[in-house]
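I have placed the structure first, in the form of structure tokens, so that the comments after it can refer back to it.
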Amino acid sequence: MNIKIPDTLDAWNAIGTDYLPGLLGMRFRKVEADEVVATLEVRRALAAWNGYLHAGSVTSLADTCCGYGTVRGLPTGASGFTTVELKSNLIGTAREGIVTCTARPIHKGRTTQVWDAEVRRESDGAAIAYFRNTQLILWSKA
């Protein structure tokens, strides 16, 4: 598997258009090796039946931010990555507006990367969730 790493923010936003990030409406504001920032507009399709933002929507946003950061910082020669663990603490929610996820690495090794992410309401900065995400770095077998 060869990963082409996008070189502009527009390219990062475009790469997920036909996949889950596009389906959910994620918009990336920053994709760097040490920080990823993305937003998601709260809408009915992303909510649970009670009208609150679904935990799966929040988790998908955080996991995607950590994944884009991992791709951006893959070690030379790596063929890809996969999420092997995701821990989430959901402590708030939203019914409307924009939520923002910021993800940062806490460990970047040759075999794993560990990222922390937090999701907050953009309107008042209130925390919705905190995440820890472990990525396994994949290497081609020759």
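Residue names in the structure tokens use chain letters A, B, ... in the order shown, residue numbers from 1 in each chain, and ligand numbers from 1 in the order shown.
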- Message: Which residues are near A:Ser123? Cut-off 12 Å, only C-alpha atoms, ignore same chain within fewer than 4 positions. Put them as a list of chain:residue names.
- Response: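 My reading of the contact set: A:Glu41, A:Val42, A:Ala94, A:Arg95, A:Glu96, A:Gly97, A:Ile98, A:Val99, A:Thr100, A:Ala127.
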- Find the residues around A:Thr93 up to 9 Å (only C-alpha atoms counted), leave out those fewer than 3 positions away in its own chain, and share them as a list in words.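 Counting only C-alpha atoms, the residues come to Tyr52, Leu53, His54, Ala55, Leu90, Arg120, Arg121, Ala126, Ala127, Ile128 and Ala129 of chain A.
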- Mind pulling up the distance from atom CA of A:Glu32 to atom CA of A:Gly77? 18.7 Å
- Message: Taking only C-alpha atoms into account, name the residue in A:Ala62, A:Glu35, A:Arg72, A:Asp124 that is nearest to A:Ile106.
- Response: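 Counting only C-alpha atoms, the residue closest to A:Ile106 is A:Glu35.
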- Query: With only C-alpha atoms as the basis for distance, which of A:Val119, A:Leu138, A:Val114, A:Leu24 is at the shortest distance from A:Ile91?
  - Reply: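 Ranking A:Val119, A:Leu138, A:Val114, A:Leu24 by distance to A:Ile91, first place goes to A:Val119.
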- Item | Distance criterion (only C-alpha atoms): nearest to A:Ile15 out of A:Trp115, A:Arg27, A:Ser60, A:Val37 |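 Closest to A:Ile15, using only C-alpha atoms: A:Arg27.
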- Message: I'd like the contact shell of A:Ala38 - 9 Å cut-off, only C-alpha atoms, skipping same-chain residues fewer than 3 positions apart - returned as a PyMOL selection string.
- Response: chain A and resi 26-31+61-62+65+99-103
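Between A:Gly22 and the residues A:Ala48, A:Asp63, A:Leu40, A:Pro75, the shortest atom-to-atom distance, using only C-alpha atoms, involves A:Leu40.
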- Query: Quick one: of A:Ser57, A:Ala45, A:Thr8, A:Thr76, who's nearest to A:Ser140, counting only C-alpha atoms?
  - Reply: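 With only C-alpha atoms as the atom set, the closest residue is A:Thr76.
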- Task: Using atom CA of A:Ser79 and atom CA of A:Thr134 as the two end points, give the distance in Å to one decimal.
- Result: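 For atom CA of A:Ser79 relative to atom CA of A:Thr134, the distance reads 16.8 Å.
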- Task: Could you check how far atom CA of A:Thr112 sits from atom CA of A:Thr39, in Å to one decimal?
- Result: 25.7 Å
- Query: Contacts of A:Leu74 at 10 Å or less, counting only C-alpha atoms, minus same-chain residues fewer than 3 places along, as a PyMOL selection string?
  - Reply: chain A and resi 3+5+33+68-71+77-81+108-113+137-138
